[in-house]
$ cat work-v6.cif   # mmCIF, C-alpha atoms
data_start
loop_
_atom_site.label_atom_id
_atom_site.label_comp_id
_atom_site.auth_asym_id
_atom_site.auth_seq_id
_atom_site.Cartn_x
_atom_site.Cartn_y
_atom_site.Cartn_z
CA MET R 1 90.98 208.93 177.74
CA THR R 2 91.28 206.00 180.12
CA PHE R 3 93.13 202.72 179.62
CA ASN R 4 91.75 200.47 182.33
CA ASN R 5 90.96 197.66 179.87
CA LEU R 6 94.45 197.87 178.44
CA HIS R 7 96.09 197.47 181.81
CA GLN R 8 93.81 194.78 183.14
CA ASP R 9 95.83 191.64 184.02
CA VAL R 10 99.08 193.49 183.33
CA PRO R 11 101.81 193.34 186.00
CA GLN R 12 102.02 196.51 188.09
CA ASN R 13 105.45 197.48 186.84
CA CYS R 14 104.40 197.11 183.19
CA SER R 15 102.99 200.07 181.29
CA CYS R 16 102.17 199.51 177.65
CA ILE R 17 101.68 203.19 176.87
CA GLU R 18 104.68 204.86 178.49
CA ASN R 19 106.24 205.52 175.07
CA ALA R 20 102.99 206.01 173.18
CA THR R 21 101.94 209.43 171.94
CA ILE R 22 98.74 211.19 170.97
CA ILE R 23 97.35 210.67 167.49
CA LYS R 24 98.40 213.17 164.85
CA GLU R 25 95.79 214.75 162.66
CA ASN R 26 95.52 213.72 159.03
CA GLN R 27 97.76 210.68 159.47
CA ILE R 28 96.52 207.72 157.44
CA TYR R 29 97.01 204.16 158.62
CA THR R 30 96.34 200.69 157.27
CA ARG R 31 95.45 197.51 159.07
CA PHE R 32 95.39 193.98 157.76
CA LEU R 33 91.95 192.45 158.23
CA LYS R 34 91.03 188.80 158.32
CA TYR R 35 87.32 189.40 158.70
CA PRO R 36 86.48 192.38 156.48
CA GLU R 37 82.77 191.64 156.79
CA ILE R 38 82.67 192.00 160.60
CA GLU R 39 83.45 195.49 161.88
CA SER R 40 83.61 194.45 165.53
CA ARG R 41 86.70 192.37 164.71
CA TYR R 42 88.56 195.11 162.86
CA PHE R 43 90.59 196.14 165.90
CA GLU R 44 90.32 193.06 168.06
CA THR R 45 93.67 192.37 169.66
CA HIS R 46 95.32 189.02 170.22
CA TRP R 47 94.71 189.56 173.91
CA GLU R 48 90.98 189.93 173.40
CA LYS R 49 90.87 186.80 171.27
CA TRP R 50 92.58 184.83 174.02
CA THR R 51 90.52 186.13 176.90
CA LYS R 52 87.30 185.61 174.98
CA LYS R 53 88.13 181.89 175.11
CA GLY R 54 88.74 182.14 178.84
CA LYS R 55 92.45 181.62 178.29
CA ILE R 56 95.50 183.65 179.13
CA PRO R 57 98.63 183.65 176.95
CA THR R 58 101.57 181.70 178.34
CA PHE R 59 103.88 184.66 178.80
CA VAL R 60 101.51 186.40 181.20
CA LYS R 61 102.54 183.88 183.82
CA GLN R 62 106.12 184.87 183.09
CA ASN R 63 105.37 188.58 183.60
CA ASP R 64 106.76 189.27 180.15
CA CYS R 65 105.80 192.94 179.81
CA ALA R 66 106.97 193.38 176.21
CA ASN R 67 105.00 190.40 174.93
CA ILE R 68 101.94 191.29 176.97
CA CYS R 69 101.89 194.75 175.41
CA LEU R 70 102.43 193.21 171.99
CA TYR R 71 99.26 191.18 172.44
CA LYS R 72 97.39 194.17 173.88
CA ASN R 73 97.99 196.51 170.94
CA ALA R 74 96.49 196.52 167.48
CA SER R 75 99.08 196.58 164.69
CA VAL R 76 98.67 199.37 162.17
CA ASP R 77 100.96 200.72 159.48
CA ASN R 78 101.67 204.29 158.58
CA TYR R 79 100.39 204.85 155.04
CA THR R 80 101.60 207.57 152.71
CA ASP R 81 101.77 208.23 148.99
CA GLU R 82 105.44 207.25 149.11
CA ASN R 83 105.09 203.86 150.77
CA ARG R 84 101.79 202.83 149.17
CA ALA R 85 103.24 200.16 146.84
CA TRP R 86 105.43 198.76 149.62
CA ILE R 87 102.50 198.43 152.03
CA ILE R 88 100.24 196.76 149.49
CA ASN R 89 102.96 194.31 148.52
CA TYR R 90 103.67 193.60 152.17
CA TYR R 91 100.08 192.55 152.75
CA LEU R 92 99.91 190.61 149.51
CA LYS R 93 102.74 188.36 150.66
CA GLN R 94 100.38 186.63 153.01
CA PHE R 95 97.66 186.33 150.44
CA ARG R 96 99.99 184.61 148.00
CA VAL R 97 100.72 181.90 150.54
CA THR R 98 97.25 181.55 151.93
CA GLN R 99 94.36 182.52 149.73
CA LYS R 100 91.75 180.74 151.86
CA ASP R 101 91.45 183.47 154.46
CA LYS R 102 89.37 186.44 153.48
CA ASN R 103 91.93 189.19 153.64
CA ALA R 104 91.52 192.91 153.21
CA ILE R 105 93.32 196.15 153.87
CA LEU R 106 91.56 198.79 155.90
CA VAL R 107 92.70 202.33 155.11
CA PHE R 108 91.64 204.74 157.84
CA GLN R 109 92.33 207.67 160.10
CA LEU R 110 92.18 207.55 163.87
CA LYS R 111 90.14 210.16 165.65
CA PRO R 112 92.09 212.08 168.33
CA LYS R 113 90.42 210.32 171.27
CA ALA R 114 90.68 206.82 169.80
CA GLY R 115 93.72 205.97 171.89
CA LEU R 116 97.50 206.33 171.79
CA ILE R 117 100.02 205.27 169.22
CA GLU R 118 103.67 204.29 169.17
CA HIS R 119 106.02 203.84 166.22
CA THR R 120 107.36 200.31 166.65
CA PRO R 121 109.29 199.47 163.48
CA SER R 122 110.58 195.97 162.91
CA GLU R 123 113.32 194.73 160.61
CA LYS R 124 110.72 193.58 158.14
CA ASN R 125 108.30 196.48 158.50
CA PRO R 126 109.65 199.98 159.13
CA PHE R 127 106.14 201.46 159.08
CA HIS R 128 104.70 199.38 161.90
CA HIS R 129 102.88 201.21 164.71
CA SER R 130 101.31 199.87 167.88
CA PHE R 131 97.87 201.32 168.51
CA PHE R 132 96.49 201.17 172.04
CA LYS R 133 92.73 201.52 172.22
CA GLU R 134 91.21 203.65 174.94
CA ASP R 135 88.38 202.14 176.99
CA GLU R 136 85.52 203.56 174.93
CA PHE R 137 87.03 202.66 171.55
CA SER R 138 84.55 201.56 168.90
CA ILE R 139 84.40 201.51 165.12
CA ASP R 140 83.17 205.12 165.38
CA SER R 141 86.60 206.06 166.75
CA ILE R 142 88.04 205.72 163.26
CA GLU R 143 87.34 207.36 159.94
CA ILE R 144 87.23 204.68 157.26
CA ILE R 145 88.75 205.81 153.99
CA GLU R 146 88.74 202.58 152.05
CA LEU R 147 88.45 198.84 152.39
CA ILE R 148 90.52 197.00 149.82
CA GLU R 149 89.65 193.33 149.51
CA LEU R 150 92.52 191.17 148.31
CA LYS R 151 91.56 188.95 145.44
CA ASN R 152 93.39 186.86 142.92
CA GLU R 153 93.09 189.54 140.29
CA ASN R 154 95.08 191.98 142.48
CA ILE R 155 98.14 189.77 142.41
CA MET D 1 100.05 163.02 167.58
CA LYS D 2 103.35 163.56 165.81
CA THR D 3 105.61 166.10 167.44
CA PHE D 4 108.36 168.08 165.80
CA ASP D 5 111.61 169.15 167.38
CA PHE D 6 113.16 172.22 165.87
CA ILE D 7 116.33 173.93 166.91
CA GLU D 8 115.92 177.07 164.84
CA GLU D 9 113.11 178.93 163.19
CA TYR D 10 113.38 181.54 160.48
CA ILE D 11 110.20 183.54 159.95
CA ILE D 12 109.83 184.56 156.33
CA PHE D 13 106.47 186.34 156.44
CA GLU D 14 104.61 187.50 159.50
CA ILE D 15 101.50 189.62 159.28
CA GLU D 16 99.18 189.32 162.25
CA TYR D 17 100.37 185.72 162.52
CA ILE D 18 103.39 183.81 161.26
CA VAL D 19 102.53 183.10 157.64
CA LEU D 20 105.57 181.23 156.40
CA SER D 21 108.51 179.94 158.39
CA ILE D 22 111.40 177.60 157.79
CA ASN D 23 112.39 175.41 160.68
CA LYS D 24 115.56 173.46 161.07
CA GLY D 25 115.01 170.00 162.51
CA THR D 26 117.39 168.12 164.76
CA ASP D 27 118.29 165.82 161.88
CA ASN D 28 119.38 168.69 159.65
CA ASN D 29 116.23 168.67 157.58
CA TYR D 30 114.07 171.67 156.90
CA PHE D 31 110.39 171.90 157.66
CA ILE D 32 108.21 174.67 156.30
CA PHE D 33 105.08 175.90 158.05
CA SER D 34 102.62 177.81 155.89
CA PHE D 35 99.49 179.43 157.19
CA ILE D 36 96.11 178.17 155.97
CA MET D 37 93.52 180.01 158.04
CA GLU D 38 92.42 181.16 161.45
CA ASP D 39 89.54 179.33 163.10
CA TYR D 40 88.15 182.27 164.99
CA ASP D 41 85.46 180.30 166.81
CA LEU D 42 87.87 177.75 168.24
CA GLY D 43 90.75 180.19 168.63
CA GLU D 44 93.08 178.12 166.50
CA LEU D 45 95.50 178.69 163.68
CA HIS D 46 95.69 176.11 160.91
CA TYR D 47 98.96 175.45 159.12
CA PHE D 48 100.42 173.14 156.55
CA GLY D 49 103.73 171.64 157.52
CA ILE D 50 105.91 170.14 154.80
CA TRP D 51 109.28 168.47 154.61
CA ALA D 52 110.81 170.11 151.60
CA GLU D 53 113.16 168.50 149.12
CA GLU D 54 116.56 170.14 149.41
CA GLN D 55 116.71 171.40 145.85
CA GLN D 56 113.15 172.71 146.01
CA TYR D 57 113.94 174.57 149.21
CA LEU D 58 117.06 176.11 147.69
CA ASP D 59 115.30 177.03 144.45
CA PHE D 60 112.58 178.75 146.45
CA LEU D 61 115.07 180.84 148.39
CA GLU D 62 116.79 181.79 145.15
CA GLY D 63 113.52 182.96 143.66
CA LYS D 64 113.57 180.31 140.93
CA ILE D 65 110.31 178.66 141.90
CA ALA D 66 107.19 179.69 143.81
CA TYR D 67 106.23 178.22 147.14
CA LEU D 68 103.43 176.49 145.28
CA GLU D 69 106.01 174.30 143.53
CA VAL D 70 107.74 173.47 146.80
CA PHE D 71 104.39 172.56 148.30
CA LYS D 72 103.34 170.33 145.41
CA ASN D 73 106.64 168.45 145.52
CA ALA D 74 106.86 168.09 149.30
CA LYS D 75 108.00 164.74 150.68
CA ASP D 76 105.35 164.83 153.40
CA ILE D 77 102.46 167.17 154.12
CA PHE D 78 100.83 167.66 157.51
CA ARG D 79 97.79 169.65 158.54
CA ILE D 80 98.62 171.21 161.88
CA ARG D 81 96.44 173.08 164.36
CA LYS D 82 98.09 175.55 166.72
CA ASN D 83 96.86 177.85 169.44
CA TYR D 84 97.56 181.59 169.39
CA ASP D 85 100.87 180.91 171.16
CA TYR D 86 101.86 178.68 168.22
CA GLN D 87 101.81 175.59 170.39
CA ILE D 88 100.79 172.55 168.35
CA ILE D 89 97.38 171.17 169.31
CA ASP D 90 97.03 168.50 166.67
CA THR D 91 98.91 167.10 163.69
CA GLN D 92 97.52 165.04 160.86
CA LYS D 93 99.50 163.61 157.97
CA ILE D 94 97.69 164.15 154.68
CA THR D 95 98.22 163.69 150.97
CA ILE D 96 98.22 166.41 148.35
CA ASN D 97 94.82 165.14 147.18
CA GLN D 98 93.35 166.09 150.56
CA VAL D 99 94.28 169.74 150.11
CA ALA D 100 91.28 171.83 149.10
CA LYS D 101 91.59 173.88 145.95
CA ASP D 102 91.41 177.19 147.81
CA GLU D 103 94.08 176.10 150.29
CA PHE D 104 96.88 175.89 147.73
CA PRO D 105 99.41 178.73 147.65
CA LEU D 106 99.09 180.97 144.62
CA ALA D 107 101.34 180.53 141.60
CA SER D 108 102.78 183.95 142.49
CA SER D 109 104.03 182.85 145.93
CA PHE D 110 107.67 183.62 145.22
CA PHE D 111 110.18 184.46 147.88
CA PRO D 112 110.08 188.26 147.71
CA ARG D 113 113.16 189.96 146.34
CA THR D 114 112.62 192.75 148.84
CA ASP D 115 113.32 190.27 151.65
CA LEU D 116 116.46 188.85 150.09
CA VAL D 117 118.88 191.28 151.71
CA ASP D 118 117.25 190.78 155.11
CA LEU D 119 117.46 187.02 154.71
CA ILE D 120 121.15 187.09 153.88
CA GLU D 121 121.86 189.29 156.89
CA ASP D 122 119.80 187.05 159.15
CA LEU D 123 121.50 183.93 157.89
CA LYS D 124 124.92 185.42 158.52
CA LYS D 125 123.92 185.93 162.13
CA CYS D 126 122.56 182.41 162.48
CA ILE D 127 125.28 180.27 164.06
CA CYS D 128 123.35 177.03 163.75
CA LEU D 129 123.12 177.37 160.01
CA LYS D 130 126.80 178.18 159.71
CA GLN D 131 127.61 174.92 161.46
CA ASN D 132 125.46 172.90 159.12
CA SER D 133 127.44 171.87 156.07
CA ARG D 134 124.88 169.73 154.27
CA TYR D 135 122.08 172.26 154.23
CA SER D 136 124.20 175.32 154.60
CA ALA D 137 121.83 178.18 154.07
CA LEU D 138 124.82 180.47 154.41
CA LYS D 139 126.26 178.96 151.26
CA VAL D 140 122.98 179.62 149.59
CA ALA D 141 123.10 183.21 150.73
CA LYS D 142 126.59 183.63 149.31
CA LYS D 143 125.66 182.31 145.92
CA LEU D 144 122.42 184.26 145.72
CA PRO D 145 122.53 186.71 142.83
CA SER D 146 122.63 190.41 143.39
CA ILE D 147 119.20 191.98 143.48
CA ASP D 148 118.16 192.20 139.88
CA THR D 149 114.51 193.00 139.53
CA ASN D 150 114.46 191.76 135.95
CA SER D 151 115.35 188.24 137.01
CA TYR D 152 112.31 187.93 139.22
CA PRO D 153 108.74 187.35 138.21
CA LYS D 154 106.86 190.52 137.50
CA LYS D 155 104.25 191.46 140.04
CA SER D 156 101.42 193.86 139.59
CA TYR D 157 99.69 195.85 142.29
CA PRO D 158 96.19 197.22 142.61
CA LYS D 159 95.82 200.24 140.41
CA GLN D 160 96.84 203.47 142.08
CA ASN D 161 93.39 204.96 141.78
CA GLN D 162 91.99 202.06 143.80
CA LEU D 163 93.98 203.23 146.78
CA LYS D 164 93.07 206.88 146.82
CA PRO D 165 90.97 207.92 149.79
CA LYS D 166 87.33 208.29 148.93
CA GLU D 167 85.19 210.87 150.61
CA ASN D 168 82.20 209.66 152.60
CA TYR D 169 83.20 206.07 151.97
CA VAL D 170 80.93 203.37 153.35
CA PRO D 171 82.17 199.78 153.00
CA LYS D 172 79.91 197.58 150.92
CA THR D 173 79.89 194.88 153.55
CA SER D 174 79.20 197.21 156.44
CA THR D 175 76.02 196.76 158.43
CA THR D 176 76.52 199.85 160.55
CA SER D 177 77.37 203.39 159.71
CA ALA D 178 81.03 204.15 159.18
CA GLY D 179 83.15 207.13 158.40
CA LYS D 180 81.43 209.36 160.90
#
$ encode --input "work-v6.cif" --output "structure tokens"
Amino acid sequence: MTFNNLHQDVPQNCSCIENATIIKENQIYTRFLKYPEIESRYFETHWEKWTKKGKIPTFVKQNDCANICLYKNASVDNYTDENRAWIINYYLKQFRVTQKDKNAILVFQLKPKAGLIEHTPSEKNPFHHSFFKEDEFSIDSIEIIELIELKNENI
Amino acid sequence: MKTFDFIEEYIIFEIEYIVLSINKGTDNNYFIFSFIMEDYDLGELHYFGIWAEEQQYLDFLEGKIAYLEVFKNAKDIFRIRKNYDYQIIDTQKITINQVAKDEFPLASSFFPRTDLVDLIEDLKKCICLKQNSRYSALKVAKKLPSIDTNSYPKKSYPKQNQLKPKENYVPKTSTTSAGK
């Protein structure tokens, strides 16, 4: 696995993957999708959205390593039988406020060579993980289990 | 373009982007940003911004009313465009009649009881709110009831069997092969 794309435009003393580990087998993850109909956007990072517009986020100029890595990773959540209801409710919070966006939950497994992963819990989400794509990552690097589209009748 | 000066921001929901946040203004008022949609082509995030009535704001935090009610009773509503850094690009004052039907929050948009404990802890840490007597969110936190699930609106989730992994699953909307 190589991570040249990940470290492009990153300050030399900043490594986004120094605490990331290899992907465990059989681990299921979820990711919140805004464009469930377009697979190429499933794992698009904030960084990629910015650079596609020919722009660079403000904090890059400030050499803010933590924020740069935050924009370079794709947020995923660890998904188990035990936290299933919590995860679904967590995603539904957004839908209740903003129903206009097409929202969906992707349930999937990462293949071993998809990239590296780091458990990065927050106060509001203890299951949050940062996923760092390797250079050759594509939709074939994941095993899709289910795509749950959020609709009014789910609420 | 109208600009807003805030001295504190409390993020209530954040998934991918900030979905709902309460912002304290310099004149001790509270301004709520709520996410509408992402304009992927332009690289912009669209938000509503509302000045909330004090009682509405408090009732929302206490779980008495949904965000929908706060929104409908807002003193002023703005449609705001931000970039991915949350910097405001444009602000437009609108009326409730200019809000599209599918842009309204759902009737179930209650402040989640699961976030109540976090909110109270956050508010205790927030010096600016402690100093504010008129809109003291700390006071609100103190008088919030203990977590009683029966006092909150019932929520239902997708049925369990909808969430079980399916073998050889191919999304209906997919145009390429998946699950290889």
$ closest_atom_pairs --input "work-v6.cif" --of "chain R" --to "chain D" --cutoff "7 Å" --atoms "only C-alpha atoms" --output "JSON lines"
{"residue": "R:Glu37", "atom": "CA", "partner": "D:Thr173", "partner_atom": "CA", "distance": 5.4}
{"residue": "R:Pro57", "atom": "CA", "partner": "D:Asp85", "partner_atom": "CA", "distance": 6.8}
{"residue": "R:Gln94", "atom": "CA", "partner": "D:Val19", "partner_atom": "CA", "distance": 6.2}
{"residue": "R:Arg96", "atom": "CA", "partner": "D:Ser109", "partner_atom": "CA", "distance": 4.9}
{"residue": "R:Val97", "atom": "CA", "partner": "D:Pro105", "partner_atom": "CA", "distance": 4.5}
{"residue": "R:Thr98", "atom": "CA", "partner": "D:Ile36", "partner_atom": "CA", "distance": 5.4}
{"residue": "R:Gln99", "atom": "CA", "partner": "D:Asp102", "partner_atom": "CA", "distance": 6.4}
{"residue": "R:Lys100", "atom": "CA", "partner": "D:Asp102", "partner_atom": "CA", "distance": 5.4}
{"residue": "R:Asp101", "atom": "CA", "partner": "D:Met37", "partner_atom": "CA", "distance": 5.4}
{"residue": "R:Asp140", "atom": "CA", "partner": "D:Lys180", "partner_atom": "CA", "distance": 6.4}
{"residue": "R:Glu143", "atom": "CA", "partner": "D:Gly179", "partner_atom": "CA", "distance": 4.5}
{"residue": "R:Ile144", "atom": "CA", "partner": "D:Gly179", "partner_atom": "CA", "distance": 4.9}
{"residue": "R:Ile145", "atom": "CA", "partner": "D:Pro165", "partner_atom": "CA", "distance": 5.2}
{"residue": "R:Glu146", "atom": "CA", "partner": "D:Pro165", "partner_atom": "CA", "distance": 6.2}
{"residue": "R:Leu147", "atom": "CA", "partner": "D:Pro171", "partner_atom": "CA", "distance": 6.4}
{"residue": "R:Asn154", "atom": "CA", "partner": "D:Pro158", "partner_atom": "CA", "distance": 5.4}
{"residue": "R:Ile155", "atom": "CA", "partner": "D:Ser156", "partner_atom": "CA", "distance": 6.0}
$ closest_residue --input "work-v6.cif" --among "R:Leu92, R:Ile142, R:Ala66, R:Ala20" --to "Leu110 (chain R)" --atoms "all atoms listed in the file"
R:Ile142
$ resolve_selection --input "work-v6.cif" --expression "the PyMOL selection byres ((chain R and resi 106) around 6)" --output "PDB file with C-alpha atoms, keeping the file's coordinate frame"
ATOM      1  CA  THR R  30      96.340 200.690 157.270  1.00  0.00           C
ATOM      2  CA  ARG R  31      95.450 197.510 159.070  1.00  0.00           C
ATOM      3  CA  ILE R 105      93.320 196.150 153.870  1.00  0.00           C
ATOM      4  CA  VAL R 107      92.700 202.330 155.110  1.00  0.00           C
ATOM      5  CA  LEU R 147      88.450 198.840 152.390  1.00  0.00           C
TER       6      LEU R 147
END
$ atom_distance --input "work-v6.cif" --atom1 "CA of Phe131 (chain R)" --atom2 "CA of Asn4 (chain R)"
15.1 Å
$ atom_distance --input "work-v6.cif" --atom1 "CA of Ala114 (chain R)" --atom2 "CA of Glu82 (chain R)"
25.4 Å
$ residues_around --input "work-v6.cif" --residues "Pro112 (chain R)" --least-positions-apart "3" --cutoff "8 Å" --atoms "all atoms listed in the file" --output "PyMOL selection string"
chain R and resi 22-25+115
$ write_last_selection --input "work-v6.cif" --atoms "C-alpha atoms" --output "mmCIF file, in the coordinates of the input"
data_model
loop_
_atom_site.group_PDB
_atom_site.id
_atom_site.type_symbol
_atom_site.label_atom_id
_atom_site.label_comp_id
_atom_site.auth_asym_id
_atom_site.auth_seq_id
_atom_site.Cartn_x
_atom_site.Cartn_y
_atom_site.Cartn_z
ATOM 1 C CA ILE R 22 98.740 211.190 170.970
ATOM 2 C CA ILE R 23 97.350 210.670 167.490
ATOM 3 C CA LYS R 24 98.400 213.170 164.850
ATOM 4 C CA GLU R 25 95.790 214.750 162.660
ATOM 5 C CA GLY R 115 93.720 205.970 171.890
#
$ resolve_selection --input "work-v6.cif" --expression "the PyMOL selection byres ((chain R and resi 33) around 8)" --output "VMD selection string"
chain R and resid 31 to 32 34 to 36 42 103 to 106
$ resolve_selection --input "work-v6.cif" --expression "the PyMOL selection byres ((chain R and resi 87) around 9)" --output "PyMOL selection string"
chain R and resi 30+77-79+83-86+88-92+125+127
$ atom_distance --input "work-v6.cif" --atom1 "CA of Lys111 (chain R)" --atom2 "CA of Lys52 (chain R)"
26.4 Å
$ residues_around --input "work-v6.cif" --residues "Phe3 (chain R)" --least-positions-apart "2" --cutoff "7 Å" --atoms "all atoms listed in the file" --output "ChimeraX atom specification"
/R:1,5-7,134-135
$ closest_residue --input "work-v6.cif" --among "R:Arg41, R:Lys55, R:Lys113, R:Lys151" --to "Phe137 (chain R)" --atoms "all atoms listed in the file"
R:Lys113
$ axis_aligned_box --input "work-v6.cif" --around "region 107-110 of chain R" --padding-each-side "4 Å" --output "JSON"
{"center_x": 92.2, "center_y": 205.0, "center_z": 159.5, "size_x": 9.1, "size_y": 13.3, "size_z": 16.8}
$ closest_residue --input "work-v6.cif" --among "R:Asp81, R:Leu150, R:Leu70, R:His119" --to "Cys16 (chain R)" --atoms "all atoms listed in the file"
R:Leu70
$ residues_near_point --input "work-v6.cif" --point "(96.6, 162.0, 161.3)" --cutoff "10 Å" --atoms "all atoms listed in the file" --output "JSON list (two decimals) with C-alpha atoms, keeping the file's coordinate frame"
[["chain", "number", "residue", "atom", "x", "y", "z"],
["D", 1, "MET", "CA", 100.05, 163.02, 167.58],
["D", 2, "LYS", "CA", 103.35, 163.56, 165.81],
["D", 78, "PHE", "CA", 100.83, 167.66, 157.51],
["D", 79, "ARG", "CA", 97.79, 169.65, 158.54],
["D", 80, "ILE", "CA", 98.62, 171.21, 161.88],
["D", 90, "ASP", "CA", 97.03, 168.50, 166.67],
["D", 91, "THR", "CA", 98.91, 167.10, 163.69],
["D", 92, "GLN", "CA", 97.52, 165.04, 160.86],
["D", 93, "LYS", "CA", 99.50, 163.61, 157.97],
["D", 94, "ILE", "CA", 97.69, 164.15, 154.68]]
$ residues_around --input "work-v6.cif" --residues "Gln8 (chain R)" --least-positions-apart "2" --cutoff "12 Å" --atoms "all atoms listed in the file" --output "list in words"
Thr2, Phe3, Asn4, Asn5, Leu6, Val10, Pro11, Gln12, Cys14, Ser15, Cys16, Trp47, Glu48, Thr51, Ile56, Val60, Ile68, Cys69, Lys72 and Asp135 of chain R
